Structures are given as structure tokens and as C-alpha cells.
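Structure file structure31.cif; described as mmCIF, C-alpha atoms.
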data_entry
loop_
_atom_site.label_atom_id
_atom_site.label_comp_id
_atom_site.auth_asym_id
_atom_site.auth_seq_id
_atom_site.Cartn_x
_atom_site.Cartn_y
_atom_site.Cartn_z
CA MET A 19 60.87 4.76 88.86
CA LYS A 20 63.24 3.48 86.19
CA MET A 21 62.43 -0.16 86.98
CA ASN A 22 58.70 0.48 86.77
CA PHE A 23 59.16 1.95 83.31
CA LYS A 24 61.07 -1.13 82.10
CA LYS A 25 58.46 -3.52 83.49
CA LYS A 26 55.67 -1.67 81.80
CA GLY A 27 57.56 -1.69 78.50
CA SER A 28 58.17 -5.44 78.44
CA SER A 29 54.56 -6.30 79.27
CA ASN A 30 53.43 -4.00 76.49
CA VAL A 31 55.46 -6.00 73.96
CA LEU A 32 54.72 -9.45 75.38
CA GLY A 33 50.93 -8.99 75.44
CA PRO A 34 50.35 -8.56 71.70
CA VAL A 35 52.95 -11.25 70.86
CA VAL A 36 51.23 -13.82 73.09
CA ILE A 37 47.82 -12.95 71.64
CA PHE A 38 49.31 -13.12 68.15
CA VAL A 39 50.81 -16.57 68.76
CA ILE A 40 47.60 -17.91 70.34
CA LEU A 41 45.46 -16.60 67.49
CA ASN A 42 47.86 -18.07 64.93
CA LEU A 43 47.88 -21.43 66.67
CA MET A 44 44.08 -21.41 66.79
CA PHE A 45 43.88 -20.45 63.15
CA PHE A 46 46.28 -23.11 61.88
CA SER A 47 44.87 -25.86 64.09
CA LEU A 48 41.37 -25.08 62.81
CA LEU A 49 42.71 -25.16 59.28
CA LEU A 50 44.47 -28.47 59.90
CA TYR A 51 41.33 -29.92 61.48
CA PHE A 52 39.29 -28.88 58.48
CA VAL A 53 41.74 -30.39 55.98
CA VAL A 54 42.04 -33.67 57.94
CA LYS A 55 38.26 -33.91 58.32
CA GLN A 56 37.81 -33.32 54.60
CA SER A 57 40.51 -35.81 53.65
CA THR A 58 38.92 -38.63 55.67
CA GLY A 59 35.79 -38.11 53.60
CA ALA A 60 33.68 -37.87 56.73
CA ILE A 61 31.67 -34.89 55.53
CA VAL A 62 30.98 -36.52 52.18
CA TYR A 63 29.90 -39.80 53.80
CA GLU A 64 27.62 -37.99 56.23
CA GLU A 65 25.93 -36.02 53.47
CA LEU A 66 25.70 -39.02 51.15
CA TYR A 67 24.10 -41.32 53.70
CA ALA A 68 21.74 -38.69 55.11
CA LYS A 69 20.39 -37.96 51.64
CA LYS A 70 20.28 -41.62 50.65
CA ILE A 71 18.25 -42.57 53.73
CA ALA A 72 15.93 -39.55 53.42
CA LEU A 73 15.16 -40.52 49.81
CA LEU A 74 14.62 -44.15 50.80
CA VAL A 75 12.22 -43.08 53.53
CA ASP A 76 10.33 -40.74 51.20
CA ASN A 77 10.06 -43.43 48.55
CA ALA A 78 8.91 -46.21 50.86
CA ARG A 79 5.42 -46.94 52.11
CA CYS A 80 4.76 -47.08 55.83
CA ASN A 81 5.34 -50.41 57.57
CA THR A 82 8.36 -51.34 55.49
CA GLU A 83 11.80 -52.59 56.46
CA ILE A 84 14.80 -51.80 54.32
CA VAL A 85 18.17 -53.45 54.83
CA PHE A 86 21.25 -51.98 53.26
CA ASN A 87 24.94 -52.49 53.57
CA VAL A 88 26.97 -49.75 55.24
CA SER A 89 30.33 -51.54 55.37
CA ASP A 90 32.06 -48.72 53.46
CA LEU A 91 31.72 -46.58 56.58
CA SER A 92 33.94 -48.88 58.64
CA GLY A 93 37.20 -47.16 57.57
CA VAL A 94 36.00 -43.68 58.54
CA LEU A 95 34.48 -44.94 61.79
CA GLU A 96 37.71 -46.70 62.73
CA LYS A 97 39.67 -43.49 62.14
CA ASN A 98 37.26 -41.53 64.30
CA SER A 99 36.86 -44.29 66.93
CA TYR A 100 33.11 -44.14 66.55
CA GLU A 101 30.51 -46.90 66.82
CA LEU A 102 28.34 -47.81 63.83
CA SER A 103 25.32 -48.07 66.11
CA ASN A 104 25.58 -44.32 66.87
CA VAL A 105 25.84 -43.17 63.26
CA PHE A 106 22.18 -43.00 62.22
CA SER A 107 19.44 -41.21 64.11
CA PHE A 108 16.11 -39.57 63.37
CA ASN A 109 14.86 -36.25 64.61
CA SER A 110 11.09 -36.69 64.44
CA GLU A 111 10.42 -33.13 65.56
CA LYS A 112 12.23 -31.68 62.57
CA SER A 113 11.61 -34.66 60.26
CA GLU A 114 15.33 -35.08 59.81
CA VAL A 115 17.65 -37.96 59.11
CA VAL A 116 20.87 -37.32 61.04
CA VAL A 117 24.14 -39.03 60.15
CA ARG A 118 27.26 -38.68 62.31
CA VAL A 119 30.52 -40.50 61.70
CA ALA A 120 32.30 -38.75 64.57
CA SER A 121 31.32 -37.60 68.04
CA LYS A 122 31.04 -34.01 66.80
CA GLY A 123 29.43 -32.57 63.71
CA GLY A 124 27.24 -34.53 61.36
CA TYR A 125 24.77 -33.89 58.59
CA ALA A 126 20.98 -33.64 58.68
CA TYR A 127 18.57 -33.92 55.77
CA ARG A 128 14.81 -33.57 55.96
CA HIS A 129 12.23 -35.99 54.66
CA PHE A 130 8.55 -35.42 53.96
CA SER A 131 7.31 -38.88 54.85
CA ASP A 132 4.98 -39.03 57.84
CA CYS A 133 5.88 -42.59 58.83
CA GLU A 134 7.55 -43.34 62.16
CA LEU A 135 11.24 -44.10 61.78
CA SER A 136 13.76 -46.18 63.67
CA SER A 137 16.87 -48.12 62.77
CA GLU A 138 18.99 -50.98 63.97
CA VAL A 139 22.49 -52.04 63.01
CA VAL A 140 22.98 -55.75 62.37
CA GLY A 141 26.60 -56.55 61.51
CA ASN A 142 27.50 -54.27 58.63
CA ASN A 143 23.89 -53.71 57.67
CA LEU A 144 21.51 -50.97 58.63
CA VAL A 145 17.94 -52.12 59.11
CA LEU A 146 15.72 -49.13 58.44
CA LYS A 147 12.34 -49.62 60.06
CA ILE A 148 9.67 -47.44 58.50
CA GLY A 149 6.74 -47.81 60.85
CA GLY A 150 3.12 -46.77 60.77
CA SER A 151 1.92 -43.30 59.94
CA ASN A 152 2.04 -40.61 62.63
CA ASN A 153 -1.54 -39.73 61.68
CA GLU A 154 -2.91 -43.07 62.81
CA MET B 1 63.21 1.66 72.61
CA ASN B 2 59.85 1.28 74.26
CA LYS B 3 58.21 3.26 71.48
CA MET B 4 59.76 0.97 68.86
CA ASN B 5 58.43 -2.18 70.54
CA LYS B 6 54.98 -0.70 70.79
CA VAL B 7 54.97 0.08 67.07
CA GLY B 8 56.21 -3.49 66.37
CA GLY B 9 53.40 -4.98 68.43
CA GLU B 10 50.82 -2.95 66.63
CA LYS B 11 52.32 -3.98 63.30
CA ILE B 12 52.13 -7.68 64.14
CA LEU B 13 48.48 -7.47 65.07
CA SER B 14 47.55 -5.25 62.19
CA ILE B 15 44.36 -5.91 60.32
CA TRP B 16 46.38 -6.67 57.19
CA TRP B 17 47.89 -9.73 58.79
CA PHE B 18 44.43 -11.13 59.49
CA PHE B 19 43.43 -10.29 55.96
CA VAL B 20 46.38 -12.38 54.70
CA LEU B 21 45.40 -15.22 57.04
CA ALA B 22 41.84 -15.08 55.77
CA LEU B 23 43.11 -15.21 52.19
CA VAL B 24 45.29 -18.25 52.97
CA ALA B 25 42.41 -19.99 54.77
CA GLY B 26 40.01 -19.19 51.98
CA GLY B 27 42.42 -20.52 49.36
CA ILE B 28 43.07 -23.75 51.21
CA ALA B 29 39.38 -24.28 52.00
CA LEU B 30 38.39 -23.67 48.39
CA GLY B 31 41.04 -26.08 47.12
CA VAL B 32 40.09 -28.80 49.60
CA PHE B 33 36.38 -28.36 48.91
CA MET B 34 36.94 -28.57 45.16
CA PHE B 35 39.04 -31.69 45.59
CA PHE B 36 36.96 -33.63 48.08
CA SER B 37 33.38 -32.46 47.74
CA ALA B 38 31.03 -34.35 45.55
CA ASP B 39 28.05 -32.60 44.11
CA ILE B 40 25.13 -34.43 45.69
CA ASP B 41 22.07 -32.50 44.61
CA VAL B 42 19.05 -34.73 45.11
CA ARG B 43 16.35 -32.09 44.95
CA GLU B 44 15.07 -33.12 41.53
CA VAL B 45 15.01 -36.79 42.52
CA GLU B 46 13.22 -35.83 45.71
CA SER B 47 10.57 -33.92 43.76
CA GLY B 48 10.13 -36.92 41.47
CA ILE B 49 9.65 -39.19 44.49
CA MET B 50 7.03 -36.79 45.87
CA VAL B 51 5.11 -36.89 42.58
CA ASN B 52 5.26 -40.70 42.49
CA ARG B 53 4.08 -40.91 46.08
CA VAL B 54 1.01 -38.82 45.28
CA TYR B 55 0.20 -40.90 42.20
CA ASP B 56 0.71 -44.08 44.17
CA CYS B 57 -1.77 -43.04 46.83
CA LEU B 58 -4.38 -41.68 44.41
CA ASN B 59 -4.24 -44.83 42.31
CA ASN B 60 -6.59 -47.70 43.01
CA ASN B 61 -5.90 -50.39 40.39
CA GLY B 62 -5.70 -47.86 37.61
CA TYR B 63 -8.77 -45.98 38.84
CA LEU B 64 -8.73 -42.76 40.79
CA ARG B 65 -9.63 -43.52 44.38
CA GLY B 66 -13.27 -42.87 45.13
CA ASP B 67 -12.93 -40.58 48.14
CA VAL B 68 -10.73 -37.97 46.49
CA PHE B 69 -13.62 -35.57 45.83
CA LEU B 70 -15.07 -35.84 49.31
CA GLU B 71 -14.93 -32.67 51.38
CA ASP B 72 -12.94 -34.20 54.24
CA PHE B 73 -10.33 -35.79 51.97
CA ASP B 74 -6.89 -34.87 53.31
CA LEU B 75 -4.29 -35.47 50.62
CA TYR B 76 -1.35 -35.25 53.03
CA GLU B 77 -2.86 -37.62 55.56
CA GLU B 78 -3.94 -40.17 52.96
CA CYS B 79 -0.53 -40.13 51.27
CA ASP B 80 1.38 -40.25 54.60
CA ILE B 81 3.04 -36.94 53.84
CA ASN B 82 4.04 -34.71 56.73
CA ILE B 83 2.03 -31.54 56.17
CA ASP B 84 4.16 -29.53 58.63
CA VAL B 85 7.18 -29.44 56.33
CA PHE B 86 4.98 -27.87 53.64
CA LEU B 87 3.21 -25.30 55.78
CA GLU B 88 6.01 -23.95 57.97
CA ASP B 89 7.62 -20.57 57.37
CA GLY B 90 10.33 -20.80 54.73
CA ALA B 91 9.24 -24.30 53.75
CA GLY B 92 11.59 -26.16 51.43
CA TYR B 93 8.80 -28.08 49.72
CA TYR B 94 5.86 -27.23 47.52
CA LEU B 95 3.16 -29.55 46.23
CA ASN B 96 0.34 -28.84 43.82
CA VAL B 97 -2.18 -31.49 42.82
CA SER B 98 -5.00 -30.77 40.41
CA ILE B 99 -7.52 -33.04 38.70
CA PHE B 100 -9.11 -32.09 35.41
CA ASP B 101 -12.07 -33.43 33.48
CA GLY B 102 -11.23 -31.93 30.09
CA ASN B 103 -10.87 -28.26 30.89
CA ILE B 104 -12.87 -28.37 34.09
CA ASN B 105 -10.83 -28.28 37.26
CA LEU B 106 -12.46 -30.74 39.66
CA PHE B 107 -9.89 -30.70 42.44
CA GLU B 108 -7.00 -28.48 43.47
CA ASN B 109 -4.73 -28.71 46.47
CA HIS B 110 -1.55 -26.73 46.83
CA SER B 111 0.79 -25.94 49.68
CA ARG B 112 1.92 -22.53 50.86
CA SER B 113 5.23 -21.65 49.27
CA GLU B 114 4.11 -20.33 45.90
CA ASP B 115 7.46 -18.58 45.53
CA LEU B 116 9.15 -21.99 45.22
CA LYS B 117 6.95 -22.77 42.23
CA THR B 118 7.72 -19.41 40.63
CA ASN B 119 11.47 -19.76 41.23
CA CYS B 120 11.44 -23.27 39.85
CA VAL B 121 9.79 -22.10 36.63
CA ILE B 122 12.41 -19.35 36.34
CA GLY B 123 15.16 -21.90 37.09
CA GLN B 124 14.01 -24.04 34.19
CA GLY B 125 14.31 -21.11 31.82
CA ILE B 126 17.82 -20.09 32.78
CA LYS B 127 20.79 -22.21 33.74
CA THR B 128 21.27 -21.83 37.47
CA LYS B 129 22.33 -24.01 40.36
CA ASN B 130 20.65 -22.52 43.39
CA PHE B 131 17.07 -22.26 42.24
CA PRO B 132 14.62 -24.91 43.51
CA LYS B 133 14.20 -28.08 41.49
CA CYS B 134 10.83 -29.35 40.44
CA PHE B 135 9.19 -32.34 38.84
CA PHE B 136 5.93 -32.21 36.94
CA GLY B 137 3.76 -35.22 36.29
CA GLU B 138 0.63 -35.64 34.21
CA GLU B 139 -1.23 -38.97 34.30
CA ASN B 140 -4.62 -40.16 33.10
CA PHE B 141 -6.82 -41.96 35.59
CA LEU B 142 -10.15 -43.70 35.08
CA TYR B 143 -12.95 -42.62 37.38
CA ILE B 144 -16.47 -43.96 37.71
CA SER B 145 -19.04 -41.36 38.72
CA GLU B 146 -22.74 -42.26 38.87
CA GLY B 147 -22.14 -45.34 36.70
CA VAL B 148 -20.32 -43.37 34.01
CA GLN B 149 -16.62 -43.99 33.40
CA LYS B 150 -14.55 -40.90 32.76
CA GLU B 151 -10.92 -40.29 32.03
CA LEU B 152 -9.51 -37.65 34.30
CA VAL B 153 -6.12 -35.95 34.10
CA VAL B 154 -4.17 -35.70 37.33
CA LYS B 155 -1.41 -33.08 37.30
CA VAL B 156 1.13 -33.05 40.09
CA LEU B 157 3.87 -30.48 40.56
CA ALA B 158 6.41 -31.01 43.31
CA VAL B 159 9.23 -28.61 44.16
CA SER B 160 12.12 -29.13 46.52
CA ASP B 161 14.57 -26.52 47.69
CA GLN B 162 16.08 -28.12 50.72
CA LYS B 163 19.84 -28.46 50.86
CA GLY B 164 20.33 -30.17 54.19
CA ARG B 165 22.49 -28.77 56.96
CA SER B 166 25.81 -29.52 58.54
CA LEU B 167 25.61 -29.87 62.32
CA PRO B 168 27.91 -27.67 64.39
CA LEU B 169 31.32 -29.07 65.33
CA LEU B 170 31.35 -27.56 68.77
#
Once you've parsed the file, please lay out its structure as C-alpha cells.
Amino acid sequence: MKMNFKKKGSSNVLGPVVIFVILNLMFFSLLLYFVVKQSTGAIVYEELYAKKIALLVDNARCNTEIVFNVSDLSGVLEKNSYELSNVFSFNSEKSEVVVRVASKGGYAYRHFSDCELSSEVVGNNLVLKIGGSNNE
Amino acid sequence: MNKMNKVGGEKILSIWWFFVLALVAGGIALGVFMFFSADIDVREVESGIMVNRVYDCLNNNGYLRGDVFLEDFDLYEECDINIDVFLEDGAGYYLNVSIFDGNINLFENHSRSEDLKTNCVIGQGIKTKNFPKCFFGEENFLYISEGVQKELVVKVLAVSDQKGRSLPLL
């Protein structure tokens, strides 16, 4: 009877402490992840390029090709071990330009152009192919 | 002894501790955001591009294109603009195109979100960051109707209130 009492007491103390430590670890690792992610400039690059491409697309006529240099992404991509060819994508359903410089996360910005979009990476350049209208 | 430990455990997990953690996180996040984030607000530029796109497609060597007053003229289709992003619920875009011959309104086409237009007008009156941004254009176009050349005024108002979205990390 005495032993049972002791056992119950220790588990009562250990439970909250373990939860407390786990929650703290989760909290600080999330915080660290956020600070590291911010400091690599990944979020800024993603937003910058998504908006830049969306504006280019909106400003261009259909059946146009635009080539622009994206070599300033190489540092961030190297840090995140991510391929340049996977960075840019287009969500035609939502009319979004999606930019990802890491396997998770990313930034999406909408465009109002109705031209078909695709892209290709050649060296350090992105070839933005603005195709024919979706209405045709 | 057991009672003491129990009280200690409850103390550690008290709501105040999480409040402190939230304060610390909020402080750090705010500091990091202020340091690293750049203010990239392109809504006004976007509205300007929309206005230019409309003018570009209505223009035919300085003359207003001939089919603009036809019944089946679809502004969005002719200008390669995706109509869906203007007509959906909670649309982030608004477009209003009107053509005047003096005071007579010959043509009017506007999208759904009238509240964007209203908010944009309010936003121009007071200094605010989160109101939609708009661009207003007024251009004169020549138009030949039944052998008579007229000068028509084409007014275009474009509003953008889209801010983009961050994709989830998980």
C-alpha cells in the first residue's frame, strides 16, 4: 500500500515536467526555425520573385517569352539544398505564381492575365513562357 | 511531500508561463520581421498595369477599336484578362471601364466588387496601409462612326487588394 502511494506520487510529478519540457523544446525549436528562415532571406526572396513574375505576366501580351536572371537565388538555394528548376511553378486553377526556395513553404501571388504560363530554367536564367490565351 | 510536488507541477504548467512564452515569441518575431522584412506592396503598380492593359487592347493605332460597341464584345476575353478572378466571392480585383462622348455614356463595364472601389476612394482620402490601391486613367481616343470622326473619352479604374499568401510550412 505504501509502495503504491509512492509510485503514484512520482508519476504525478514526472508527467507535467515531461510535457513542460516537450512543449518548451517545441516552442524554442519553432522559434529558432523561424529566425533562421528569416535570416536566410528565403521568405523575402519568395515574396519578391512571386510578385515580380506576376507583374511581368500581367504586363506582357500572350505569346511572349521573357528571360531574366535569377542568379541571386543561388545562395539561398544552396543553403536549403533545393534545385532552381523546382523554384517556380504556376497554379492555373487559382491563377497563381508560386515560388518556393525550400521543400516546404513558399509564396503565392495571383495574376489576372488569362494567358497560359510555363517556365524553364536555362543556366541561371528563368525563361518565362507566356503562351496563348486560355479563351482561344 | 506528494502534495507539494503536485502544486509544483501545476505551477510549472500554469497559464502564466505560456503567456510569458507568447510574449517572448511575439517580441522576437516582431524584431525579426522588422529587421528582415521588406515592404513589397505592388498593388498600385498592379492596378496601373491593369489600366494599361485595357488601354492597350482598346487601342487600334490611336483609334478606338471598332467592335467595342457591339453587343457581344467581351472586354475580358478581348484583353486576355481572366474574368474569374474578378467575379469570384471576395475578389481582390475590380475593373471599371466607361466610354464617354462628351457627357453621354456610350459604354460601361464593371466587375463585381464595388466595395473595393468604395474602399479605395476612402483610402485616398485618409492615410492608411491596408485599404485597396487603385489607379485611374483617362485617355482620349478617336472613333469613326458612320463616316464621322469623334473624340471619345475612355475612363478606366482598376483596383487591387490582393496581398499574396504564404504557403504552409507543414
With 6 Å as the cut-off and only C-alpha atoms counted, what is the closest atom pair between each nearby residue of chain A and chain B? Distances in Å to one decimal, ordered by chain and number, as a tab-separated table.
residue	atom	partner	partner_atom	distance
A:Gly27	CA	B:Asn2	CA	5.7
A:Val31	CA	B:Asn5	CA	5.9
A:Pro34	CA	B:Gly9	CA	5.7
A:Asn77	CA	B:Ile49	CA	5.9
A:Lys122	CA	B:Leu169	CA	5.2
A:Gly123	CA	B:Leu169	CA	4.3
A:Gly124	CA	B:Leu167	CA	5.0
A:Tyr125	CA	B:Ser166	CA	4.5
A:Ala126	CA	B:Arg165	CA	5.4
A:Tyr127	CA	B:Gly164	CA	4.4
A:Phe130	CA	B:Asn82	CA	5.3
A:Ser131	CA	B:Ile81	CA	4.8
A:Asp132	CA	B:Asn82	CA	4.6
note - CA of Val139 (chain A) and CA of Ser103 (chain A) are separated by 5.8 Å
Taking every listed atom of region 111-124 of chain A and adding 5 Å to each side, what centre and edge lengths in Å (one decimal) does the axis-aligned box have, as JSON?
{"center_x": 21.4, "center_y": -36.1, "center_z": 63.6, "size_x": 31.9, "size_y": 18.8, "size_z": 18.9}
Margin query: Set the distance at 9 Å and use only C-alpha atoms: which residues neighbour region 104-106 of chain A once local chain neighbours fewer than 2 positions away are removed? I'd like the list as a VMD selection string.
Written below: chain A and resid 64 67 to 68 95 100 to 102 108 115 to 121 124 137 to 138 144
Residue list as a PyMOL selection string for point (-15.8, -33.0, 31.7), cut-off 12 Å, all atoms listed in the file: chain B and resi 99-106+143+145+148-153
- Task: Taking the file as shown, find all residues satisfying the PyMOL selection byres ((chain A and resi 145) around 9) and write them as number ranges by chain.
- Result: A: 83-87, 136-140, 143-144, 146-147
Would you put the residues from that selection into a file with C-alpha atoms, as an mmCIF file, in the coordinates of the input?
data_model
loop_
_atom_site.group_PDB
_atom_site.id
_atom_site.type_symbol
_atom_site.label_atom_id
_atom_site.label_comp_id
_atom_site.auth_asym_id
_atom_site.auth_seq_id
_atom_site.Cartn_x
_atom_site.Cartn_y
_atom_site.Cartn_z
ATOM 1 C CA GLU A 83 11.800 -52.590 56.460
ATOM 2 C CA ILE A 84 14.800 -51.800 54.320
ATOM 3 C CA VAL A 85 18.170 -53.450 54.830
ATOM 4 C CA PHE A 86 21.250 -51.980 53.260
ATOM 5 C CA ASN A 87 24.940 -52.490 53.570
ATOM 6 C CA SER A 136 13.760 -46.180 63.670
ATOM 7 C CA SER A 137 16.870 -48.120 62.770
ATOM 8 C CA GLU A 138 18.990 -50.980 63.970
ATOM 9 C CA VAL A 139 22.490 -52.040 63.010
ATOM 10 C CA VAL A 140 22.980 -55.750 62.370
ATOM 11 C CA ASN A 143 23.890 -53.710 57.670
ATOM 12 C CA LEU A 144 21.510 -50.970 58.630
ATOM 13 C CA LEU A 146 15.720 -49.130 58.440
ATOM 14 C CA LYS A 147 12.340 -49.620 60.060
#
Correct to one decimal, the distance CA of Val51 (chain B)-CA of Leu87 (chain B) is 17.7 Å
- [ ] Select, from A:His129, A:Ala60, A:Asn152, A:Gly141, the residue with the minimum atom-to-atom distance to Lys97 (chain A), counting all atoms listed in the file.
- [x]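 Of all the options, A:Ala60 lies closest to Lys97 (chain A).
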